[in-house]
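> Got a structure here, written out as structure tokens. Questions coming.
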Amino acid sequence: MKKQVPYQIHLSESEMPKQWYNIMADMKELPEPALSPVTKKPATLEELRQIFPTGLLEQEMSTERYIDIPEEVLEKYKMFRTTPLHRAYNLEKFLKTPARLYYKYEGQNPSGSHKLNTAIPQVYYNKLEGIKRLATETGAGQWGTALATACSFYDIDCTVYMVRVSYDQKPYRKILMQTFGATVHPSPSVHTEAGRKILAEDPNSSGSLGIAISEAVEDAVTHSDTNYALGSVLNHVILHQTIIGQEAVLQMEKIDEYPDIVIGCNGGGSNFCGFAFPFLKDKLNGKSNTKFIAVEPLACPKLTKGVYTYDYGDTAGMAPIAKMYTLGHKFMPPGIHAGGLRYHGDSPLLSKLYHDGYIEAVALAQADVFKAAIDFAKTEAILPAPESSHAICQAIKEAVKCRETGEEKVIIFNVSGHGYLDLAAYDNYLSGKLDSDNICIDEELEKSLKELPKLE
Ligand SMILES: *Cc1c(COP(=O)(O)O)cnc(C)c1O
């Protein structure tokens, strides 16, 4: 008999966690420090203060286990949190699996993804320090939308450098950002030295995330009232996202369940880590044997094919150098539809924990991922983002294994966002026009790994 729990497990407003969980308190060894791209020595607080507020830098380096969520941030979270934990009864039935499947869904806010969980505190800490404007980059637009939304809550100006090709081809997220009051420049733009330089060489440049980061960082460095904001990778971003996993821990306790397998998709690590770390705490303390799986695209396989070394966070080599799993900052992944997973590097925290064997990783092909997305949409009534569908696809694979072995495993996964602005991607899949995602990875990798920064 299957255990009877509701389709949705809710937390009341007063049950929402009031602190973020910092995994560094429970790690046996900490990740190595970030290096300055200029001196190649550990980045100093002074250097980082040029673009980030002290409140966030303190969190970046903190080893306190729990950090209070400011009252004002909690109030904003309450507009769209807590998010329910869903029991995937219909997906289980469809898969004929004895496994019990649970998922968190983070798509129910205007930005459509988990990214608003960090955008709000990031804007809050910048506002506290008198910052008037934030500059950032965005690829497909999820992060830009989240930051624009949070800036509108706090009446802060927001400038988004959006990769030119997305700006032209994906107008809806641009319109969404403008709706929330952001200024959106196609990147490369004429507004920065970095952008003008690229345009002088190639007036028709379609841009890249690396160029957009360079523009946003330059904008922040050259304006004293302006800071830079990053939507993933950094410790403080992951800290903010632990609201997801802490809610999930409480929700699982409510129904007296504990996960055997925890799954999330991995771009820069923020939704996976935010979801997984509150469960991983038990494993680090020898109290559980749960399996953790980070899922990446075959087209951008940093954990499964990359190397663990110091590399630049951006293509242009302006961002701090971090010890992480990387494909090399010059690596150009094929243009797959899960744009949020096309980052060459990864979170230093996730990289360290993966390197030390606490976390596993798999890489999946686009066609399998879209098939899983559609099976999920049909059974669970949510159209998932292509990024999130990587987690769904792996959860389905694990559930199918259980069907074969008869094991009643408890599998929990994170659905990081919705796919309503990714319909062109679904259209490509349905009409058989998905590009191949497994072309020349090895060749491209061999080239890009030669361009890792030379230290010493
Ligand atoms: C940005 C994004 C991701 C990837 O970023 P992470 O930092 O790895 O979480 C995944 N899913 C969605 C919906 C996103 O918008």
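Labeling convention for the structure tokens: chains A, B, ... as they appear, residues from 1 per chain, ligands from 1 in order of appearance.
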Could the residues that lie within 7 Å of ligand 1, counting only C-alpha atoms and all ligand atoms, be listed as a ChimeraX atom specification?

/A:113-115,142-143,231-233,265-272,340-341,385,387-388,416-418

> May I have the selected residues written with N, CA, C and O atoms, as an mmCIF file, in the first residue's frame?


data_model
loop_
_atom_site.group_PDB
_atom_site.id
_atom_site.type_symbol
_atom_site.label_atom_id
_atom_site.label_comp_id
_atom_site.auth_asym_id
_atom_site.auth_seq_id
_atom_site.Cartn_x
_atom_site.Cartn_y
_atom_site.Cartn_z
ATOM 1 N N SER A 113 10.991 31.777 -11.714
ATOM 2 C CA SER A 113 12.007 30.826 -11.282
ATOM 3 C C SER A 113 12.409 31.109 -9.840
ATOM 4 O O SER A 113 11.946 32.073 -9.234
ATOM 5 N N HIS A 114 13.310 30.259 -9.333
ATOM 6 C CA HIS A 114 13.835 30.413 -7.972
ATOM 7 C C HIS A 114 14.655 31.693 -7.808
ATOM 8 O O HIS A 114 14.975 32.076 -6.688
ATOM 9 N N LYS A 115 15.038 32.365 -8.902
ATOM 10 C CA LYS A 115 16.018 33.449 -8.797
ATOM 11 C C LYS A 115 15.539 34.641 -7.959
ATOM 12 O O LYS A 115 16.348 35.387 -7.427
ATOM 13 N N GLN A 142 15.955 35.099 -17.328
ATOM 14 C CA GLN A 142 15.337 34.777 -16.030
ATOM 15 C C GLN A 142 15.944 35.609 -14.900
ATOM 16 O O GLN A 142 15.226 36.124 -14.059
ATOM 17 N N TRP A 143 17.273 35.713 -14.888
ATOM 18 C CA TRP A 143 17.912 36.459 -13.807
ATOM 19 C C TRP A 143 17.609 37.958 -13.924
ATOM 20 O O TRP A 143 17.272 38.618 -12.940
ATOM 21 N N GLY A 231 23.488 36.272 -10.316
ATOM 22 C CA GLY A 231 22.319 35.446 -9.995
ATOM 23 C C GLY A 231 22.599 34.024 -9.587
ATOM 24 O O GLY A 231 21.666 33.267 -9.289
ATOM 25 N N SER A 232 23.883 33.603 -9.564
ATOM 26 C CA SER A 232 24.181 32.212 -9.210
ATOM 27 C C SER A 232 25.622 32.124 -8.714
ATOM 28 O O SER A 232 26.243 33.165 -8.442
ATOM 29 N N VAL A 233 26.158 30.920 -8.588
ATOM 30 C CA VAL A 233 27.574 30.614 -8.361
ATOM 31 C C VAL A 233 28.109 31.009 -6.971
ATOM 32 O O VAL A 233 28.709 30.190 -6.288
ATOM 33 N N CYS A 265 18.747 20.408 -11.091
ATOM 34 C CA CYS A 265 19.545 20.739 -12.270
ATOM 35 C C CYS A 265 20.651 21.710 -11.859
ATOM 36 O O CYS A 265 20.553 22.392 -10.842
ATOM 37 N N ASN A 266 21.705 21.754 -12.669
ATOM 38 C CA ASN A 266 22.881 22.517 -12.278
ATOM 39 C C ASN A 266 23.382 23.415 -13.410
ATOM 40 O O ASN A 266 23.879 22.940 -14.421
ATOM 41 N N GLY A 267 23.226 24.752 -13.194
ATOM 42 C CA GLY A 267 23.789 25.729 -14.126
ATOM 43 C C GLY A 267 25.006 26.361 -13.466
ATOM 44 O O GLY A 267 26.150 26.076 -13.804
ATOM 45 N N GLY A 268 24.763 27.212 -12.473
ATOM 46 C CA GLY A 268 25.850 27.743 -11.639
ATOM 47 C C GLY A 268 25.725 27.193 -10.231
ATOM 48 O O GLY A 268 26.473 27.577 -9.338
ATOM 49 N N GLY A 269 24.758 26.318 -10.025
ATOM 50 C CA GLY A 269 24.633 25.590 -8.759
ATOM 51 C C GLY A 269 23.607 26.124 -7.775
ATOM 52 O O GLY A 269 23.372 25.497 -6.746
ATOM 53 N N SER A 270 22.956 27.279 -8.067
ATOM 54 C CA SER A 270 22.182 27.893 -6.977
ATOM 55 C C SER A 270 20.904 27.148 -6.627
ATOM 56 O O SER A 270 20.588 27.001 -5.450
ATOM 57 N N ASN A 271 20.145 26.662 -7.620
ATOM 58 C CA ASN A 271 18.910 25.973 -7.229
ATOM 59 C C ASN A 271 19.222 24.589 -6.683
ATOM 60 O O ASN A 271 18.607 24.142 -5.710
ATOM 61 N N PHE A 272 20.204 23.899 -7.269
ATOM 62 C CA PHE A 272 20.571 22.579 -6.745
ATOM 63 C C PHE A 272 21.041 22.691 -5.291
ATOM 64 O O PHE A 272 20.566 21.981 -4.412
ATOM 65 N N GLY A 340 19.902 28.611 -19.100
ATOM 66 C CA GLY A 340 20.393 28.804 -17.738
ATOM 67 C C GLY A 340 21.424 27.772 -17.315
ATOM 68 O O GLY A 340 22.031 27.899 -16.253
ATOM 69 N N LEU A 341 21.636 26.739 -18.124
ATOM 70 C CA LEU A 341 22.626 25.705 -17.767
ATOM 71 C C LEU A 341 23.865 25.796 -18.650
ATOM 72 O O LEU A 341 24.705 24.898 -18.646
ATOM 73 N N ALA A 385 10.385 24.591 -16.966
ATOM 74 C CA ALA A 385 11.457 25.210 -17.739
ATOM 75 C C ALA A 385 12.361 24.110 -18.286
ATOM 76 O O ALA A 385 12.526 23.066 -17.652
ATOM 77 N N GLU A 387 15.478 24.019 -18.221
ATOM 78 C CA GLU A 387 16.514 23.777 -17.201
ATOM 79 C C GLU A 387 16.012 22.769 -16.165
ATOM 80 O O GLU A 387 16.635 21.737 -15.923
ATOM 81 N N SER A 388 14.856 23.094 -15.584
ATOM 82 C CA SER A 388 14.265 22.246 -14.541
ATOM 83 C C SER A 388 14.020 20.824 -15.046
ATOM 84 O O SER A 388 14.077 19.863 -14.273
ATOM 85 N N SER A 416 12.732 24.105 -10.811
ATOM 86 C CA SER A 416 13.223 25.455 -10.516
ATOM 87 C C SER A 416 12.423 26.576 -11.178
ATOM 88 O O SER A 416 12.490 27.719 -10.747
ATOM 89 N N GLY A 417 11.659 26.258 -12.242
ATOM 90 C CA GLY A 417 10.903 27.330 -12.889
ATOM 91 C C GLY A 417 9.933 26.809 -13.937
ATOM 92 O O GLY A 417 9.940 25.620 -14.280
ATOM 93 N N HIS A 418 9.106 27.726 -14.453
ATOM 94 C CA HIS A 418 8.136 27.330 -15.485
ATOM 95 C C HIS A 418 8.689 27.571 -16.883
ATOM 96 O O HIS A 418 9.690 28.259 -17.058
#

> Considering only C-alpha atoms, tabulate each residue of range 389-430 of chain A that lies at most 7 Å from range 356-370 of chain A along with its nearest interatomic pair and the corresponding distance in Å to one decimal; arrange the rows by chain and ascending residue number and present them as CSV.


residue,atom,partner,partner_atom,distance
A:Ser389,CA,A:Val369,CA,5.7
A:His390,CA,A:Val369,CA,5.5
A:Cys393,CA,A:Val369,CA,5.5
A:Tyr429,CA,A:Phe370,CA,7.0

> Counting only C-alpha atoms, which residue out of A:Gln394, A:Thr192, A:Gln122, A:Ser347 sits closest to Tyr154 in chain A?

A:Gln122

> What's around range 59-67 of chain A at 10 Å? Count only C-alpha atoms, leave out sequence neighbours fewer than 3 positions away in its own chain, and write the answer as a list in words.

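After dropping sequence-adjacent residues, the list is Lys18, Gln19, Trp20, Tyr21, Asn22, Ile23, Met24, Ala25, Asp26, Met27, Leu30, Pro33, Thr54, Gly55, Leu56, Pro70, Leu234, Asn235, His236, Val237, Ile238, Leu239 and His240 of chain A.
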
> I'd like the contact shell of Leu209 in chain A - 9 Å cut-off, only C-alpha atoms, skipping same-chain residues fewer than 4 positions apart - returned as an MDAnalysis selection string.

chainID A and resid 137:139 162:163 187 213:214 314:315 343

> From the list A:Leu230, A:Ala99, A:Val190, A:Ala381, which residue is nearest Ala119 in chain A when using only C-alpha atoms?

A:Leu230

> State, in Å with one decimal place, the distance from CA of Ala229 in chain A to CA of Asn109 in chain A.

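According to the coordinates, CA of Ala229 in chain A and CA of Asn109 in chain A are separated by 19.7 Å.
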
> Taking only range 260-335 of chain A into account, list the residues labelled strand (DSSP E or B) by DSSP (computed from the backbone), as JSON, numbers by chain.

{"A": [261, 262, 263, 264, 265, 291, 292, 293, 294, 295, 296, 297, 307, 308, 309, 310, 311, 312, 321, 322, 323, 324, 325, 326]}

> I want to know what sits within 6 Å of range 320-330 of chain A, based on only C-alpha atoms, with residues of the same chain fewer than 2 positions away left out; could you give that as an NGL selection string?

:A and (34-37 or 302-303 or 306-312 or 315 or 344-346 or 348 or 351 or 448-449 or 452)

> Just N, CA, C and O atoms for this one: save the residues we selected as an mmCIF file, in the first residue's frame.


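The resulting again-v3.cif:
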data_model
loop_
_atom_site.group_PDB
_atom_site.id
_atom_site.type_symbol
_atom_site.label_atom_id
_atom_site.label_comp_id
_atom_site.auth_asym_id
_atom_site.auth_seq_id
_atom_site.Cartn_x
_atom_site.Cartn_y
_atom_site.Cartn_z
ATOM 1 N N ALA A 34 38.638 32.794 -3.488
ATOM 2 C CA ALA A 34 38.660 33.382 -4.827
ATOM 3 C C ALA A 34 39.890 34.280 -4.961
ATOM 4 O O ALA A 34 40.352 34.866 -3.987
ATOM 5 N N LEU A 35 40.426 34.363 -6.175
ATOM 6 C CA LEU A 35 41.603 35.204 -6.430
ATOM 7 C C LEU A 35 41.210 36.435 -7.237
ATOM 8 O O LEU A 35 40.268 36.402 -8.030
ATOM 9 N N SER A 36 41.935 37.498 -7.027
ATOM 10 C CA SER A 36 41.719 38.711 -7.815
ATOM 11 C C SER A 36 42.241 38.489 -9.239
ATOM 12 O O SER A 36 43.325 37.958 -9.428
ATOM 13 N N PRO A 37 41.465 38.914 -10.251
ATOM 14 C CA PRO A 37 41.928 38.753 -11.636
ATOM 15 C C PRO A 37 43.124 39.662 -11.935
ATOM 16 O O PRO A 37 43.846 39.423 -12.888
ATOM 17 N N LYS A 302 30.177 20.468 -17.151
ATOM 18 C CA LYS A 302 31.303 20.886 -16.296
ATOM 19 C C LYS A 302 31.678 19.882 -15.218
ATOM 20 O O LYS A 302 32.848 19.638 -14.976
ATOM 21 N N LEU A 303 30.679 19.294 -14.537
ATOM 22 C CA LEU A 303 31.026 18.348 -13.466
ATOM 23 C C LEU A 303 31.509 17.012 -14.027
ATOM 24 O O LEU A 303 32.469 16.433 -13.531
ATOM 25 N N GLY A 306 34.500 18.379 -16.926
ATOM 26 C CA GLY A 306 35.400 19.506 -16.686
ATOM 27 C C GLY A 306 36.522 19.131 -15.727
ATOM 28 O O GLY A 306 36.646 17.984 -15.302
ATOM 29 N N VAL A 307 37.350 20.107 -15.394
ATOM 30 C CA VAL A 307 38.447 19.887 -14.453
ATOM 31 C C VAL A 307 38.252 20.783 -13.230
ATOM 32 O O VAL A 307 37.645 21.853 -13.313
ATOM 33 N N TYR A 308 38.794 20.318 -12.082
ATOM 34 C CA TYR A 308 38.680 21.077 -10.838
ATOM 35 C C TYR A 308 39.929 21.937 -10.694
ATOM 36 O O TYR A 308 40.999 21.437 -10.337
ATOM 37 N N THR A 309 39.785 23.217 -11.008
ATOM 38 C CA THR A 309 40.961 24.086 -11.026
ATOM 39 C C THR A 309 40.536 25.553 -10.905
ATOM 40 O O THR A 309 39.347 25.861 -10.937
ATOM 41 N N TYR A 310 41.507 26.452 -10.794
ATOM 42 C CA TYR A 310 41.202 27.885 -10.781
ATOM 43 C C TYR A 310 40.907 28.375 -12.197
ATOM 44 O O TYR A 310 41.668 28.116 -13.115
ATOM 45 N N ASP A 311 39.755 29.082 -12.336
ATOM 46 C CA ASP A 311 39.422 29.655 -13.649
ATOM 47 C C ASP A 311 38.637 30.956 -13.454
ATOM 48 O O ASP A 311 38.050 31.193 -12.396
ATOM 49 N N TYR A 312 38.628 31.773 -14.491
ATOM 50 C CA TYR A 312 37.855 33.019 -14.462
ATOM 51 C C TYR A 312 36.359 32.722 -14.442
ATOM 52 O O TYR A 312 35.907 31.777 -15.084
ATOM 53 N N THR A 315 33.967 35.184 -19.408
ATOM 54 C CA THR A 315 34.726 34.957 -20.632
ATOM 55 C C THR A 315 35.838 35.991 -20.813
ATOM 56 O O THR A 315 36.899 35.682 -21.333
ATOM 57 N N HIS A 344 30.048 27.985 -18.106
ATOM 58 C CA HIS A 344 31.247 27.122 -18.225
ATOM 59 C C HIS A 344 31.745 26.596 -16.877
ATOM 60 O O HIS A 344 32.412 25.579 -16.808
ATOM 61 N N GLY A 345 31.467 27.342 -15.799
ATOM 62 C CA GLY A 345 32.006 26.984 -14.492
ATOM 63 C C GLY A 345 30.913 26.523 -13.550
ATOM 64 O O GLY A 345 29.831 26.129 -13.985
ATOM 65 N N ASP A 346 31.178 26.582 -12.254
ATOM 66 C CA ASP A 346 30.190 26.115 -11.288
ATOM 67 C C ASP A 346 30.468 26.734 -9.921
ATOM 68 O O ASP A 346 31.547 27.304 -9.694
ATOM 69 N N PRO A 348 31.787 27.221 -6.380
ATOM 70 C CA PRO A 348 32.928 26.635 -5.658
ATOM 71 C C PRO A 348 32.487 25.692 -4.527
ATOM 72 O O PRO A 348 33.150 24.689 -4.269
ATOM 73 N N SER A 351 31.344 22.519 -6.222
ATOM 74 C CA SER A 351 32.530 21.872 -6.806
ATOM 75 C C SER A 351 33.309 21.106 -5.739
ATOM 76 O O SER A 351 33.720 19.962 -5.942
ATOM 77 N N SER A 448 39.679 24.906 -25.100
ATOM 78 C CA SER A 448 39.385 25.880 -24.039
ATOM 79 C C SER A 448 40.235 25.626 -22.789
ATOM 80 O O SER A 448 40.589 26.570 -22.091
ATOM 81 N N LEU A 449 40.576 24.367 -22.526
ATOM 82 C CA LEU A 449 41.364 24.077 -21.319
ATOM 83 C C LEU A 449 42.792 24.612 -21.435
ATOM 84 O O LEU A 449 43.491 24.786 -20.448
ATOM 85 N N LEU A 452 43.200 28.245 -19.624
ATOM 86 C CA LEU A 452 43.000 28.478 -18.191
ATOM 87 C C LEU A 452 44.041 29.492 -17.718
ATOM 88 O O LEU A 452 45.131 29.585 -18.281
#

> Set the distance at 12 Å and use only C-alpha atoms: which residues neighbour Thr226 in chain A once local chain neighbours fewer than 2 positions away are removed? I'd like the list as a ChimeraX atom specification.

/A:49-53,123,126-127,129-136,156-159,216-224,228-229

> What does the file look like for those residues with N, CA, C and O atoms, as a CSV table (one decimal), in the first residue's frame?


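Contents of out-v4.csv, freshly written:
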chain,number,residue,atom,x,y,z
A,49,ARG,N,34.5,45.3,-2.6
A,49,ARG,CA,33.6,46.3,-2.2
A,49,ARG,C,33.3,47.3,-3.3
A,49,ARG,O,32.3,48.0,-3.3
A,50,GLN,N,34.1,47.3,-4.4
A,50,GLN,CA,33.9,48.1,-5.5
A,50,GLN,C,32.5,47.8,-6.2
A,50,GLN,O,31.9,48.6,-6.8
A,51,ILE,N,32.2,46.5,-6.1
A,51,ILE,CA,31.0,46.0,-6.8
A,51,ILE,C,29.9,45.4,-6.0
A,51,ILE,O,28.8,45.2,-6.4
A,52,PHE,N,30.3,45.0,-4.7
A,52,PHE,CA,29.3,44.3,-3.9
A,52,PHE,C,29.2,45.0,-2.5
A,52,PHE,O,30.2,45.6,-2.0
A,53,PRO,N,28.0,45.0,-1.9
A,53,PRO,CA,27.8,45.6,-0.6
A,53,PRO,C,28.4,44.7,0.5
A,53,PRO,O,28.5,43.5,0.4
A,123,VAL,N,19.1,43.0,-3.4
A,123,VAL,CA,18.7,44.4,-3.6
A,123,VAL,C,18.6,45.0,-2.2
A,123,VAL,O,19.0,46.1,-2.0
A,126,ASN,N,22.0,46.0,-0.8
A,126,ASN,CA,22.5,47.1,-1.6
A,126,ASN,C,21.8,48.4,-1.2
A,126,ASN,O,22.5,49.5,-1.0
A,127,LYS,N,20.5,48.4,-1.0
A,127,LYS,CA,19.7,49.5,-0.6
A,127,LYS,C,20.2,50.0,0.8
A,127,LYS,O,20.4,51.2,1.0
A,129,GLU,N,23.0,50.0,2.0
A,129,GLU,CA,24.3,50.8,1.9
A,129,GLU,C,24.2,52.0,0.9
A,129,GLU,O,25.2,52.5,0.5
A,130,GLY,N,23.0,52.4,0.6
A,130,GLY,CA,22.8,53.6,-0.1
A,130,GLY,C,23.0,53.5,-1.6
A,130,GLY,O,23.1,54.5,-2.3
A,131,ILE,N,23.1,52.3,-2.1
A,131,ILE,CA,23.3,52.1,-3.6
A,131,ILE,C,22.0,52.5,-4.3
A,131,ILE,O,20.9,52.2,-3.8
A,132,LYS,N,22.1,53.2,-5.4
A,132,LYS,CA,20.9,53.7,-6.1
A,132,LYS,C,20.6,52.9,-7.4
A,132,LYS,O,19.4,52.9,-7.9
A,133,ARG,N,21.6,52.1,-7.8
A,133,ARG,CA,21.3,51.4,-9.1
A,133,ARG,C,22.1,50.1,-9.1
A,133,ARG,O,23.2,50.0,-8.6
A,134,LEU,N,21.5,49.0,-9.7
A,134,LEU,CA,22.2,47.8,-9.9
A,134,LEU,C,22.4,47.5,-11.3
A,134,LEU,O,21.5,47.7,-12.1
A,135,ALA,N,23.6,46.9,-11.7
A,135,ALA,CA,23.8,46.5,-13.1
A,135,ALA,C,24.0,45.0,-13.1
A,135,ALA,O,24.6,44.5,-12.2
A,136,THR,N,23.5,44.4,-14.1
A,136,THR,CA,23.7,43.0,-14.2
A,136,THR,C,23.6,42.5,-15.7
A,136,THR,O,23.3,43.3,-16.6
A,156,ILE,N,14.8,50.8,-6.6
A,156,ILE,CA,16.2,51.0,-7.0
A,156,ILE,C,16.2,50.8,-8.6
A,156,ILE,O,15.5,50.0,-9.1
A,157,ASP,N,17.1,51.6,-9.2
A,157,ASP,CA,17.2,51.5,-10.7
A,157,ASP,C,17.9,50.2,-11.1
A,157,ASP,O,18.8,49.7,-10.3
A,158,CYS,N,17.5,49.7,-12.2
A,158,CYS,CA,18.1,48.4,-12.6
A,158,CYS,C,18.5,48.5,-14.1
A,158,CYS,O,17.7,48.9,-14.9
A,159,THR,N,19.8,48.2,-14.4
A,159,THR,CA,20.3,48.2,-15.8
A,159,THR,C,20.7,46.8,-16.1
A,159,THR,O,21.5,46.2,-15.4
A,216,ALA,N,28.5,44.9,-17.5
A,216,ALA,CA,27.8,45.1,-16.2
A,216,ALA,C,28.8,45.4,-15.1
A,216,ALA,O,28.6,46.4,-14.3
A,217,VAL,N,29.9,44.7,-15.1
A,217,VAL,CA,31.0,44.9,-14.0
A,217,VAL,C,31.6,46.3,-14.3
A,217,VAL,O,31.8,47.1,-13.3
A,218,GLU,N,31.9,46.7,-15.5
A,218,GLU,CA,32.4,48.0,-15.8
A,218,GLU,C,31.5,49.1,-15.4
A,218,GLU,O,31.9,50.1,-14.8
A,219,ASP,N,30.2,48.9,-15.7
A,219,ASP,CA,29.2,49.9,-15.3
A,219,ASP,C,29.2,50.1,-13.8
A,219,ASP,O,29.2,51.3,-13.3
A,220,ALA,N,29.3,49.0,-13.0
A,220,ALA,CA,29.4,49.1,-11.5
A,220,ALA,C,30.7,49.8,-11.1
A,220,ALA,O,30.6,50.6,-10.2
A,221,VAL,N,31.8,49.4,-11.7
A,221,VAL,CA,33.1,49.9,-11.2
A,221,VAL,C,33.2,51.4,-11.5
A,221,VAL,O,33.8,52.2,-10.7
A,222,THR,N,32.6,51.9,-12.6
A,222,THR,CA,32.8,53.3,-13.0
A,222,THR,C,31.7,54.2,-12.4
A,222,THR,O,31.7,55.4,-12.7
A,223,HIS,N,30.7,53.7,-11.7
A,223,HIS,CA,29.7,54.6,-11.1
A,223,HIS,C,29.6,54.3,-9.6
A,223,HIS,O,29.3,53.1,-9.2
A,224,SER,N,29.9,55.3,-8.7
A,224,SER,CA,30.0,55.0,-7.3
A,224,SER,C,28.6,54.7,-6.7
A,224,SER,O,28.6,54.0,-5.6
A,228,TYR,N,27.1,45.7,-8.7
A,228,TYR,CA,26.9,44.6,-9.6
A,228,TYR,C,26.2,43.5,-8.9
A,228,TYR,O,26.4,43.4,-7.7
A,229,ALA,N,25.3,42.8,-9.6
A,229,ALA,CA,24.6,41.7,-8.9
A,229,ALA,C,24.7,40.4,-9.8
A,229,ALA,O,24.6,40.5,-11.0

> Grab the CA of Tyr102 in chain A to CA of Ala88 in chain A distance for me, in Å with one decimal place.

5.7 Å

> For CA of Lys28 in chain A and CA of Gln251 in chain A, determine how far apart the two atoms are, in Å to one decimal place.

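Rounded to one decimal, the two atoms are 27.7 Å apart.
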
> Within range 146-208 of chain A, find each residue whose DSSP state, derived from the backbone, is helix (DSSP H, G or I), and express the selection as a ChimeraX atom specification.

/A:146-154,164-169,171-179,193-201

> Applying 8 Å and only C-alpha atoms, which residues near Val410 in chain A remain after dropping the ones on its own chain fewer than 4 positions away? List them as a VMD selection string.

chain A and resid 99 to 102 257 to 261

> Suppose we keep C-alpha atoms; can you now write the selection as an mmCIF file, in the first residue's frame?


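So the final result, stored in result08.cif, reads:
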data_model
loop_
_atom_site.group_PDB
_atom_site.id
_atom_site.type_symbol
_atom_site.label_atom_id
_atom_site.label_comp_id
_atom_site.auth_asym_id
_atom_site.auth_seq_id
_atom_site.Cartn_x
_atom_site.Cartn_y
_atom_site.Cartn_z
ATOM 1 C CA ALA A 99 9.003 4.840 -5.735
ATOM 2 C CA ARG A 100 7.462 7.842 -3.990
ATOM 3 C CA LEU A 101 8.171 11.048 -5.912
ATOM 4 C CA TYR A 102 8.078 14.534 -4.424
ATOM 5 C CA GLU A 257 9.276 10.949 5.010
ATOM 6 C CA TYR A 258 13.025 11.186 4.367
ATOM 7 C CA PRO A 259 14.600 11.248 0.897
ATOM 8 C CA ASP A 260 16.769 8.435 -0.459
ATOM 9 C CA ILE A 261 17.619 10.523 -3.517
#

> Under the rule that only C-alpha atoms are counted, which of A:Arg403, A:Arg196, A:Lys409, A:Lys76 is the nearest residue to Leu116 in chain A?

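Checking each of A:Arg403, A:Arg196, A:Lys409, A:Lys76 against Leu116 in chain A, counting only C-alpha atoms, the winner is A:Lys76.
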